[in-house]
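Asks: My questions all concern the structure below.
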Amino acid sequence: MRNSTLANKSKVLQRGVAAVEFALIAIPFLLLMLGAMEFGRLLYLWNTAQEVTRNAARQAVVTDFNDSAAIVAIKRSAVFRATDGTLPASSEISNANVVIRYLYVKANGDVALVTKMPSSPGDNIAACLDANRLDECIRYVEVCLSTGTTCSPDQSIAFKPMIGLFSGSDPDSTDLRGIRIPLSTVRMPAESLGFRPTS
């Protein structure tokens, strides 16, 4: 009879141990799993940012720079959208962050932003053939992801963690908000820029 009483007491004490063991294992496991998800999303953003800018640059070199509707469509298409919006699985990157710039080549070989845009793609060809209008000749199209209008590192986009656990204000917490998404600048030689010869 005494053995059965001890066995019953032992079973009662063991019930609480299982809950404590589960809590001790579940918390680190969930932290590790959530951290892996955030790291995976960060890698996704870094890789996709390059594809976004490459896609936009590829379309911009063959699109009329005066056609504002076409430029907006390029920016939307670059983030895989038909309307204004953000990149799938990302609240950081939207079509508004896609910056398209047109560049010319200076006499010394440096590249600079075109300050006086040609009136049309045909006028761009004329400017490229005229030695006095080289600053109006679009030679390159540059695309980057930026919070402003330039492709400077201080305007890169900040990573926003999905889970508040990784963006705490506590100084001892892991804060992923300080991570910046690369500008992913792509520069391509200008092609037709939408030029269509008349017959």
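Naming works like this for the structure tokens: A, B, ... for the chains as they're shown, residue 1 at the start of each chain, ligands 1 onward in shown order.
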Can you tell me, as a count of residues only, which residues in segment 75-162 of chain A count as helix (DSSP H, G or I) by DSSP?
Replies: 25
Asks: Show me, as a tab-separated table, the residues of segment 60-88 of chain A having an atom within 8 Å of segment 107-131 of chain A, each with the closest atom pair and its distance in Å, using only C-alpha atoms.
Replies:
```
residue	atom	partner	partner_atom	distance
A:Asp64	CA	A:Pro121	CA	6.5
A:Phe65	CA	A:Pro121	CA	7.7
A:Asn66	CA	A:Ser120	CA	6.9
```
Asks: Just the selected residues (C-alpha atoms), exported as a PDB file, in the first residue's frame, please.
Replies:
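Produced file selection01.pdb, reproduced below:
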```pdb
ATOM      1  CA  ASP A  64      10.725  57.140 -73.943  1.00  0.00           C
ATOM      2  CA  PHE A  65      11.969  59.234 -71.014  1.00  0.00           C
ATOM      3  CA  ASN A  66       9.272  61.876 -71.707  1.00  0.00           C
TER       4      ASN A  66
END
```
Asks: Show me, as a tab-separated table, the residues of segment 58-147 of chain A having an atom within 10 Å of segment 176-187 of chain A, each with the closest atom pair and its distance in Å, using only C-alpha atoms.
Replies:
```
residue	atom	partner	partner_atom	distance
A:Arg58	CA	A:Val186	CA	9.3
A:Val61	CA	A:Arg187	CA	9.8
A:Glu92	CA	A:Ile181	CA	9.0
A:Ile93	CA	A:Ile181	CA	9.3
A:Asn97	CA	A:Leu183	CA	10.0
A:Val98	CA	A:Leu183	CA	9.8
A:Val99	CA	A:Thr185	CA	9.5
A:Ile100	CA	A:Val186	CA	9.8
A:Arg101	CA	A:Arg187	CA	9.2
A:Tyr102	CA	A:Arg187	CA	9.5
A:Leu103	CA	A:Arg187	CA	9.2
A:Tyr140	CA	A:Arg187	CA	6.5
A:Val141	CA	A:Arg187	CA	5.6
A:Glu142	CA	A:Arg187	CA	4.2
A:Val143	CA	A:Val186	CA	5.3
A:Cys144	CA	A:Thr185	CA	4.3
A:Leu145	CA	A:Leu183	CA	5.0
A:Ser146	CA	A:Leu183	CA	6.4
A:Thr147	CA	A:Leu183	CA	9.7
```
Asks: Write out the residues from the selection above, keeping C-alpha atoms, as a JSON list (two decimals), in the first residue's frame.
Replies:
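Saved result, selection_22.json, follows:
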```json
[["chain", "number", "residue", "atom", "x", "y", "z"],
["A", 58, "ARG", "CA", 16.40, 47.02, -68.70],
["A", 61, "VAL", "CA", 16.82, 51.93, -71.75],
["A", 92, "GLU", "CA", 10.24, 48.49, -47.13],
["A", 93, "ILE", "CA", 10.48, 48.65, -50.93],
["A", 97, "ASN", "CA", 11.71, 53.87, -54.06],
["A", 98, "VAL", "CA", 12.75, 53.04, -57.64],
["A", 99, "VAL", "CA", 14.85, 55.97, -58.89],
["A", 100, "ILE", "CA", 15.61, 56.26, -62.62],
["A", 101, "ARG", "CA", 18.35, 58.71, -63.63],
["A", 102, "TYR", "CA", 19.74, 59.63, -67.05],
["A", 103, "LEU", "CA", 23.49, 60.23, -67.38],
["A", 140, "TYR", "CA", 23.52, 55.70, -69.63],
["A", 141, "VAL", "CA", 20.42, 54.92, -67.61],
["A", 142, "GLU", "CA", 21.01, 54.39, -63.88],
["A", 143, "VAL", "CA", 18.47, 52.82, -61.55],
["A", 144, "CYS", "CA", 18.71, 52.40, -57.78],
["A", 145, "LEU", "CA", 16.52, 51.90, -54.72],
["A", 146, "SER", "CA", 16.53, 55.03, -52.63],
["A", 147, "THR", "CA", 14.47, 57.01, -50.13]]
```
Asks: Any idea what the distance is between atom CA of Arg139 of chain A and atom CA of Pro189 of chain A?
Replies: 5.9 Å
Asks: Which residues are near segment 30-35 of chain A? Cut-off 10 Å, only C-alpha atoms, ignore same chain within fewer than 4 positions. Put them as a list in words.
Replies: Ile25, Ala26, Phe39, Gly40, Arg41, Pro161, Met162, Ile163, Leu165 and Phe166 of chain A
